[in-house]
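For reference, target15.txt is printed below; it contains compact mmCIF, C-alpha atoms.
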```
# COMPACT_ATOMS: atom_id res chain seq x y z
CA MET B 24 137.82 244.37 111.38
CA ILE B 25 141.06 242.53 110.53
CA SER B 26 143.99 244.75 109.66
CA PRO B 27 144.88 244.69 106.85
CA GLU B 28 141.84 243.19 105.15
CA GLU B 29 141.99 241.98 101.57
CA ILE B 30 139.31 243.30 99.22
CA LEU B 31 140.69 241.41 96.24
CA PRO B 32 143.25 238.81 97.36
CA GLY B 33 146.77 239.82 96.45
CA VAL B 34 145.76 243.06 94.74
CA LEU B 35 143.57 245.39 96.83
CA PHE B 36 144.04 245.78 100.56
CA TYR B 37 142.33 247.87 103.17
CA SER B 38 144.45 248.68 106.20
CA TYR B 39 142.62 249.69 109.35
CA LEU B 40 144.40 250.66 112.58
CA SER B 41 142.56 252.17 115.52
CA ALA B 42 144.61 254.65 117.55
CA VAL B 43 147.81 252.62 117.12
CA CYS B 44 151.14 253.99 115.92
CA LYS B 45 153.15 251.30 114.14
CA GLU B 46 156.44 251.08 112.31
CA LYS B 47 157.71 248.15 110.30
CA VAL B 48 160.26 247.22 107.67
CA CYS B 49 158.75 246.38 104.28
CA LEU B 50 159.96 244.89 101.02
CA TRP B 51 158.05 245.82 97.88
CA ASN B 52 158.15 243.17 95.17
CA TYR B 53 155.53 245.04 93.14
CA HIS B 54 154.72 248.66 92.38
CA THR B 55 152.33 249.77 95.11
CA LEU B 56 149.79 252.56 95.28
CA VAL B 57 148.76 253.92 98.68
CA MET B 58 145.77 256.21 99.21
CA GLN B 59 145.64 257.78 102.66
CA LEU B 60 142.13 258.09 104.08
CA SER B 61 143.06 259.31 107.56
CA GLY B 62 146.18 259.65 109.66
CA THR B 63 149.74 259.97 108.38
CA LEU B 64 152.02 257.50 106.60
CA THR B 65 155.78 258.07 106.39
CA LEU B 66 157.99 256.12 104.01
CA GLN B 67 161.72 256.00 104.68
CA THR B 68 164.15 254.37 102.23
CA ALA B 69 167.88 254.72 101.85
CA THR B 70 167.43 257.74 99.57
CA GLN B 71 163.96 259.18 100.23
CA ARG B 72 161.64 260.19 103.04
CA ILE B 73 158.04 261.00 102.12
CA SER B 74 155.01 261.61 104.32
CA ILE B 75 151.39 261.63 103.20
CA SER B 76 148.24 262.59 105.05
CA ALA B 77 144.51 262.23 104.44
CA GLY B 78 143.55 262.72 100.79
CA GLU B 79 147.06 262.19 99.42
CA THR B 80 148.36 259.30 97.33
CA LEU B 81 151.83 257.76 97.20
CA LEU B 82 153.35 255.51 94.54
CA ILE B 83 156.08 253.13 95.76
CA ALA B 84 158.19 251.45 93.06
CA LYS B 85 159.00 247.75 93.20
CA ASN B 86 162.26 246.14 94.33
CA GLN B 87 162.84 248.37 97.34
CA VAL B 88 163.21 247.96 101.07
CA GLY B 89 162.18 250.63 103.54
CA THR B 90 160.37 251.52 106.73
CA LEU B 91 156.71 252.49 107.02
CA SER B 92 155.49 254.51 109.99
CA LYS B 93 151.72 254.71 110.48
CA GLN B 94 150.33 257.45 112.73
CA PRO B 95 146.58 257.78 113.43
CA PRO B 96 145.14 261.28 113.88
CA PRO B 97 144.56 262.50 117.47
CA GLY B 98 141.60 260.59 118.84
CA GLY B 99 140.94 258.98 115.47
CA GLN B 100 141.66 255.93 113.36
CA TYR B 101 144.34 255.22 110.80
CA GLU B 102 142.90 254.22 107.42
CA THR B 103 144.52 253.52 104.07
CA ILE B 104 143.83 251.65 100.86
CA VAL B 105 146.73 249.80 99.22
CA ILE B 106 146.75 248.59 95.61
CA SER B 107 149.46 246.14 94.57
CA LEU B 108 150.25 246.47 90.86
CA GLN B 109 151.42 242.91 90.34
CA GLU B 110 153.47 242.19 87.26
CA ASP B 111 151.16 239.49 85.88
CA LEU B 112 148.30 241.98 85.93
CA LEU B 113 150.40 244.72 84.33
CA ARG B 114 151.44 242.30 81.59
CA ARG B 115 147.77 241.52 80.97
CA ILE B 116 146.96 245.22 80.71
CA ALA B 117 149.90 245.73 78.33
CA LEU B 118 148.64 242.97 76.05
CA GLU B 119 145.00 244.04 76.10
CA GLU B 120 145.71 247.72 75.58
CA LYS B 121 148.80 247.27 73.38
CA ILE B 122 150.96 249.35 75.72
CA ALA B 123 154.76 249.20 75.79
CA ALA B 124 157.47 251.16 77.56
CA ASN B 125 159.17 253.83 75.51
CA GLY B 126 162.46 253.48 77.37
CA LYS B 127 164.00 253.14 80.81
CA TYR B 128 162.28 254.97 83.65
CA THR B 129 164.55 257.62 85.16
CA GLY B 130 162.25 259.37 87.61
CA PRO B 131 162.07 259.08 91.42
CA LEU B 132 161.28 255.60 92.74
CA ASN B 133 158.72 256.95 95.17
CA ARG B 134 156.54 259.94 94.47
CA LEU B 135 153.39 261.75 95.45
CA VAL B 136 150.67 261.40 92.85
CA PRO B 137 149.30 264.80 91.77
CA VAL B 138 145.69 265.24 92.77
CA ASN B 139 143.12 265.55 89.99
CA GLU B 140 139.38 265.03 89.88
CA PHE B 141 139.65 261.78 87.91
CA LEU B 142 141.93 260.07 90.43
CA GLN B 143 139.84 261.43 93.29
CA GLY B 144 136.76 259.92 91.71
CA TYR B 145 138.57 256.63 91.17
CA PHE B 146 139.56 256.25 94.80
CA LYS B 147 136.10 257.25 95.99
CA SER B 148 134.74 254.36 93.93
CA VAL B 149 137.03 251.91 95.76
CA VAL B 150 136.38 253.17 99.31
CA PRO B 151 132.88 251.64 99.67
CA TYR B 152 134.27 248.14 99.11
CA ALA B 153 136.74 248.78 101.92
CA ARG B 154 134.42 250.36 104.44
CA GLU B 155 131.27 248.30 103.99
CA SER B 156 131.58 245.17 106.09
CA GLY B 157 130.95 242.02 104.11
CA VAL B 158 131.24 243.64 100.68
CA GLU B 159 133.58 241.68 98.44
CA MET B 160 134.97 242.65 95.07
CA THR B 161 134.87 240.01 92.36
CA ASP B 162 138.05 239.18 90.49
CA LYS B 163 136.62 240.64 87.29
CA LEU B 164 135.61 243.91 88.91
CA GLY B 165 138.87 244.12 90.86
CA ILE B 166 140.94 243.75 87.70
CA LEU B 167 138.87 246.44 86.01
CA LYS B 168 139.45 248.78 88.97
CA VAL B 169 143.21 248.21 88.87
CA LYS B 170 143.22 248.71 85.10
CA GLU B 171 141.30 251.95 85.52
CA GLY B 172 143.75 253.13 88.17
CA VAL B 173 146.81 252.39 86.03
CA THR B 174 145.28 254.27 83.08
CA LEU B 175 144.53 257.34 85.20
CA LEU B 176 148.02 257.30 86.71
CA ILE B 177 149.67 257.28 83.29
CA ASP B 178 147.40 260.12 82.18
CA ALA B 179 148.50 262.13 85.22
CA LEU B 180 152.18 261.13 85.02
CA PRO B 181 153.08 259.90 81.49
CA ALA B 182 156.58 258.85 82.60
CA LEU B 183 155.00 256.04 84.62
CA ARG B 184 154.39 254.19 81.37
CA ASP B 185 158.11 253.32 81.38
CA LEU B 186 157.97 252.28 85.04
CA PHE B 187 154.90 250.04 84.83
CA PHE B 188 155.49 248.36 81.47
CA ASP B 189 159.20 247.62 81.48
CA PHE B 190 159.27 243.83 81.84
CA SER B 191 162.96 243.30 81.22
CA GLU B 192 164.76 240.95 83.57
CA PRO B 193 165.98 242.59 86.79
CA TYR B 194 169.58 243.67 86.40
CA LYS B 195 172.18 243.10 89.07
CA ILE B 196 172.36 246.33 90.99
CA ASP B 197 175.57 247.56 92.62
CA LEU B 198 175.80 245.21 95.60
CA GLU B 199 178.32 247.22 97.62
CA LYS B 200 176.42 250.49 97.28
CA PHE B 201 173.07 248.87 98.04
CA MET B 202 174.23 247.00 101.14
CA LEU B 203 176.08 249.98 102.61
CA HIS B 204 172.87 252.00 102.34
CA ASN B 205 170.45 249.30 103.52
CA PHE B 206 172.30 247.03 105.98
CA HIS B 207 170.20 248.26 108.91
CA PHE B 208 166.92 246.89 107.55
CA ASN B 209 165.93 243.68 109.29
CA ILE B 210 164.98 241.46 106.36
CA PRO B 211 166.15 237.93 105.49
CA VAL B 212 169.24 237.40 103.32
CA GLU B 213 166.94 235.78 100.76
CA GLN B 214 165.10 239.08 100.36
CA PHE B 215 168.34 241.00 99.94
CA ALA B 216 169.21 238.56 97.15
CA LEU B 217 165.86 239.07 95.43
CA ILE B 218 165.94 242.83 95.53
CA THR B 219 169.50 242.99 94.15
CA GLY B 220 168.51 240.84 91.16
CA ARG B 221 170.32 237.65 92.20
CA SER B 222 169.59 234.08 93.17
CA LEU B 223 170.49 233.27 96.78
CA ALA B 224 173.58 231.34 95.64
CA GLY B 225 174.60 234.18 93.32
CA PHE B 226 174.07 236.74 96.06
CA LYS B 227 176.27 234.84 98.52
CA ARG B 228 178.96 234.39 95.90
CA ASP B 229 178.97 238.05 94.85
CA PHE B 230 178.75 239.15 98.48
CA ARG B 231 181.87 237.24 99.47
CA LYS B 232 183.75 238.67 96.48
CA THR B 233 182.68 242.19 97.46
CA PHE B 234 183.02 242.11 101.25
CA ASN B 235 185.19 239.01 101.86
CA SER B 236 182.57 237.80 104.32
CA ALA B 237 179.34 235.83 104.54
CA PRO B 238 176.21 238.05 104.44
CA ARG B 239 174.89 237.34 107.95
CA GLN B 240 178.27 237.87 109.58
CA TRP B 241 178.84 241.11 107.68
CA LEU B 242 175.35 242.42 108.46
CA GLN B 243 175.73 241.82 112.19
CA GLY B 244 179.20 243.34 112.24
CA LYS B 245 178.11 246.42 110.30
CA ARG B 246 175.09 246.97 112.54
CA LEU B 247 177.20 246.68 115.69
CA GLU B 248 179.85 249.00 114.22
CA LYS B 249 177.15 251.60 113.53
CA ALA B 250 175.73 251.12 117.03
CA ARG B 251 179.10 251.73 118.64
CA TYR B 252 179.54 254.94 116.66
CA LEU B 253 176.07 256.22 117.61
CA ILE B 254 176.59 255.44 121.30
CA GLN B 255 180.13 256.82 121.58
CA HIS B 256 179.97 259.85 119.30
CA GLU B 257 176.31 260.85 119.22
CA ARG B 258 175.50 259.76 122.77
CA LYS B 259 172.51 257.69 121.68
CA LYS B 260 170.92 255.32 124.17
CA PRO B 261 170.99 251.61 123.25
CA SER B 262 167.22 251.37 123.76
CA ALA B 263 166.71 254.13 121.18
CA ILE B 264 168.76 252.60 118.36
CA TYR B 265 168.60 248.80 118.45
CA LEU B 266 165.39 248.50 116.41
CA ASP B 267 166.60 250.96 113.78
CA LEU B 268 169.74 248.85 113.37
CA GLY B 269 167.87 245.63 112.63
CA PHE B 270 167.92 243.93 116.04
CA LYS B 271 164.67 242.32 117.18
CA SER B 272 165.23 242.80 120.91
CA LEU B 273 167.35 244.91 123.23
CA SER B 274 168.65 241.79 124.99
CA HIS B 275 169.89 240.27 121.72
CA PHE B 276 171.52 243.55 120.77
CA SER B 277 173.24 243.88 124.16
CA TYR B 278 174.49 240.28 124.07
CA SER B 279 175.86 240.62 120.52
CA PHE B 280 177.47 243.97 121.32
CA LYS B 281 179.27 242.63 124.41
CA GLU B 282 180.36 239.52 122.53
CA LYS B 283 181.99 241.68 119.84
CA TYR B 284 183.44 244.54 121.93
CA GLY B 285 183.86 242.99 125.39
CA VAL B 286 181.65 245.58 127.09
CA SER B 287 177.90 246.09 127.17
CA PRO B 288 176.44 249.05 125.24
CA ASN B 289 175.30 250.60 128.53
CA GLN B 290 178.91 250.66 129.78
CA LEU B 291 179.82 252.94 126.88
CA THR B 292 177.16 255.43 127.91
CA SER B 293 178.39 255.78 131.47
```
Would you put the structure from the file into structure tokens?
Amino acid sequence: MISPEEILPGVLFYSYLSAVCKEKVCLWNYHTLVMQLSGTLTLQTATQRISISAGETLLIAKNQVGTLSKQPPPGGQYETIVISLQEDLLRRIALEEKIAANGKYTGPLNRLVPVNEFLQGYFKSVVPYARESGVEMTDKLGILKVKEGVTLLIDALPALRDLFFDFSEPYKIDLEKFMLHNFHFNIPVEQFALITGRSLAGFKRDFRKTFNSAPRQWLQGKRLEKARYLIQHERKKPSAIYLDLGFKSLSHFSYSFKEKYGVSPNQLTS
């Protein structure tokens, strides 16, 4: 089975990992619902760390960047179902059901969904499409399933009405605060622009005003600065920190570090 496999393209996904522990950086452009079937999923953002295990459900709000760690159970397989609550679909639901936000959402961006028999029944109805090889969900049925899920979520957590159905234009978030909290995530500059509510040109312009530097240069410098601190003051090994600081390989990290500081990271550990 391919991992992840789409049940309904762009909306419902079935992730299947056999005895493999994986970690990756993710950017969520849409509100996302994750139901854990087996194994453990850990979400780490700049402000929250949440883990869920089999039978639990996590809601991840849109316009965030973070790390996902997927851990299969001992001797077992990692399984999860992911539902992407895309804005076009939420707008359609809002029009059909005459739903509108009551105000600005002020709750946590990521939260465990309280378990109730209705949501349990809902997810059980989706599982067969994921587990039965060759079974495909039609667009019409898929939209109905997403609509049903959104309705049940709002019944369980009424505040989500303001999260799901606020279609106002993204506001420009505090660039300095956001970048200082999220510089270590290895995502393209274009994605940083999107998530901070700016065009690429606007992001570069605001970035230079804020940091007096181009984004890529600042990001590399900040990551290397953090690396030096971790190696010198917390005695971390270069091999243990380079991925967490947004470098794709140890060799690239070592080269960049030596170019900036004149010594290799390993020389600082000796």
| Atom pair CA of Lys271 (chain B) / CA of Pro238 (chain B): separation (Å) |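 Those two atoms sit 17.7 Å apart.
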Please report, as lines of an AutoDock Vina configuration file, the centre and edge lengths in Å to one decimal of an axis-aligned box covering all listed atoms of region 45-56 of chain B with 5 Å per side.
```
center_x = 155.0
center_y = 247.9
center_z = 103.3
size_x = 20.5
size_y = 19.4
size_z = 31.8
```
| said: So that I can check the surroundings of region 127-129 of chain B, please list as a list in words every protein, DNA and RNA residue that reaches within 10 Å of it, counting all atoms listed in the file and ignoring chain neighbours fewer than 2 positions away. | reply: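 Residues meeting the cut-off are Ala124, Asn125, Pro131, Leu132, Ala182, Leu183, Arg184, Asp185, Leu186, Phe187, Phe188, Asp189 and Ser191 of chain B.
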| field | Distance query region 133-135 of chain B at most 6 Å, all atoms listed in the file, self and fewer than 5 positions along chain excluded, as a PyMOL selection string | value | chain B and resi 80-84
| task | In the coordinate frame of the file, compute which residues have an atom within 7 Å of (164.3, 249.7, 102.1) when using only C-alpha atoms, and state them as a PyMOL selection string. | result | chain B and resi 49-50+68-69+87-90+205+208
| task | Using only C-alpha atoms, find the one residue out of B:Ser222, B:Gln290, B:Thr55, B:Gln255 that sits nearest to Ile106 (chain B). | result | B:Thr55
| query | Which neighbours of Arg239 (chain B) fall inside 10 Å, counting only C-alpha atoms, when residues of the same chain fewer than 5 positions from it are skipped, and could you give them as JSON, numbers by chain? | reply | {"B": [211, 212, 227, 244, 245]}
| message | Taking 5 positions as the minimum chain separation for residues in the same chain, which residues sit within 12 Å of Ser279 (chain B) when counting all atoms listed in the file? Answer as an NGL selection string. | response | :B and (240 or 243-248 or 250-251 or 265 or 270-274 or 284-288)
| request: Give me the residues within 9 Å of Ser61 (chain B) as a list of chain:residue names, counting only C-alpha atoms and dropping any in the same chain fewer than 3 places off. | output: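 Listed by chain and then number, they are B:Ser76, B:Ala77, B:Gly78, B:Pro95, B:Pro96, B:Gly99, B:Gln100, B:Tyr101, B:Glu102, B:Thr103.
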| message | Considering all atoms listed in the file, can you say which of B:Lys283, B:Ile73, B:Ile116, B:Trp241 comes closest to Thr174 (chain B)? | response |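 Closest residue, counting all atoms listed in the file: B:Ile116.
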| field | Distance of CA of Ile264 (chain B) from CA of Tyr53 (chain B), expressed in Å to one decimal place | value |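 Separation of CA of Tyr53 (chain B) and CA of Ile264 (chain B): 29.5 Å.
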| Best match for closeness to Asp229 (chain B) among B:Asp197, B:Asp178, B:Glu140, B:Glu171, counting all atoms listed in the file |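 Under the stated criterion, the closest residue is B:Asp197.
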| At what distance in Å, to one decimal, does CA of Val34 (chain B) lie from CA of Ser107 (chain B)? | 4.8 Å
| query | Nearest to Leu203 (chain B) among B:Leu291, B:Leu164, B:Leu64, B:Leu242, with distances taken over all atoms listed in the file: which residue is it? | reply |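 Closest residue, counting all atoms listed in the file: B:Leu242.
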Can you pull region 77-125 of chain B out of that block with C-alpha atoms and hand it back as a compact mmCIF listing (two decimals), in the first residue's frame?
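File produced: part.txt:
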```txt
# COMPACT_ATOMS: atom_id res chain seq x y z
CA ALA B 77 -4.64 4.84 19.16
CA GLY B 78 -8.27 5.96 19.44
CA GLU B 79 -7.47 9.65 19.93
CA THR B 80 -8.13 12.54 17.55
CA LEU B 81 -6.18 15.76 17.04
CA LEU B 82 -7.29 18.97 15.35
CA ILE B 83 -4.49 21.06 13.79
CA ALA B 84 -5.39 24.64 12.82
CA LYS B 85 -4.35 26.11 9.48
CA ASN B 86 -1.45 28.49 8.81
CA GLN B 87 1.07 26.75 11.05
CA VAL B 88 4.44 25.10 10.69
CA GLY B 89 5.60 22.28 12.92
CA THR B 90 7.17 18.85 13.21
CA LEU B 91 5.33 15.54 13.11
CA SER B 92 6.89 12.43 14.65
CA LYS B 93 5.27 9.11 13.80
CA GLN B 94 6.03 6.10 15.99
CA PRO B 95 4.58 2.63 15.26
CA PRO B 96 3.71 0.39 18.22
CA PRO B 97 6.23 -2.34 19.15
CA GLY B 98 6.06 -5.00 16.48
CA GLY B 99 3.10 -3.29 14.82
CA GLN B 100 2.14 -0.81 12.13
CA TYR B 101 1.53 2.90 12.24
CA GLU B 102 -1.93 3.86 10.95
CA THR B 103 -3.77 7.16 10.80
CA ILE B 104 -6.57 8.83 8.88
CA VAL B 105 -6.14 12.49 7.93
CA ILE B 106 -8.98 14.78 6.85
CA SER B 107 -8.07 18.12 5.28
CA LEU B 108 -10.80 20.71 5.88
CA GLN B 109 -10.12 22.79 2.80
CA GLU B 110 -11.51 26.31 2.73
CA ASP B 111 -13.52 25.86 -0.46
CA LEU B 112 -15.35 22.95 1.14
CA LEU B 113 -15.93 24.84 4.38
CA ARG B 114 -17.34 27.77 2.40
CA ARG B 115 -19.70 25.36 0.65
CA ILE B 116 -20.86 23.96 3.99
CA ALA B 117 -21.34 27.50 5.34
CA LEU B 118 -23.54 28.41 2.38
CA GLU B 119 -25.59 25.21 2.40
CA GLU B 120 -26.14 25.17 6.15
CA LYS B 121 -26.28 28.96 6.62
CA ILE B 122 -23.46 28.90 9.17
CA ALA B 123 -21.34 31.93 10.07
CA ALA B 124 -18.68 32.65 12.66
CA ASN B 125 -19.85 34.50 15.74
```
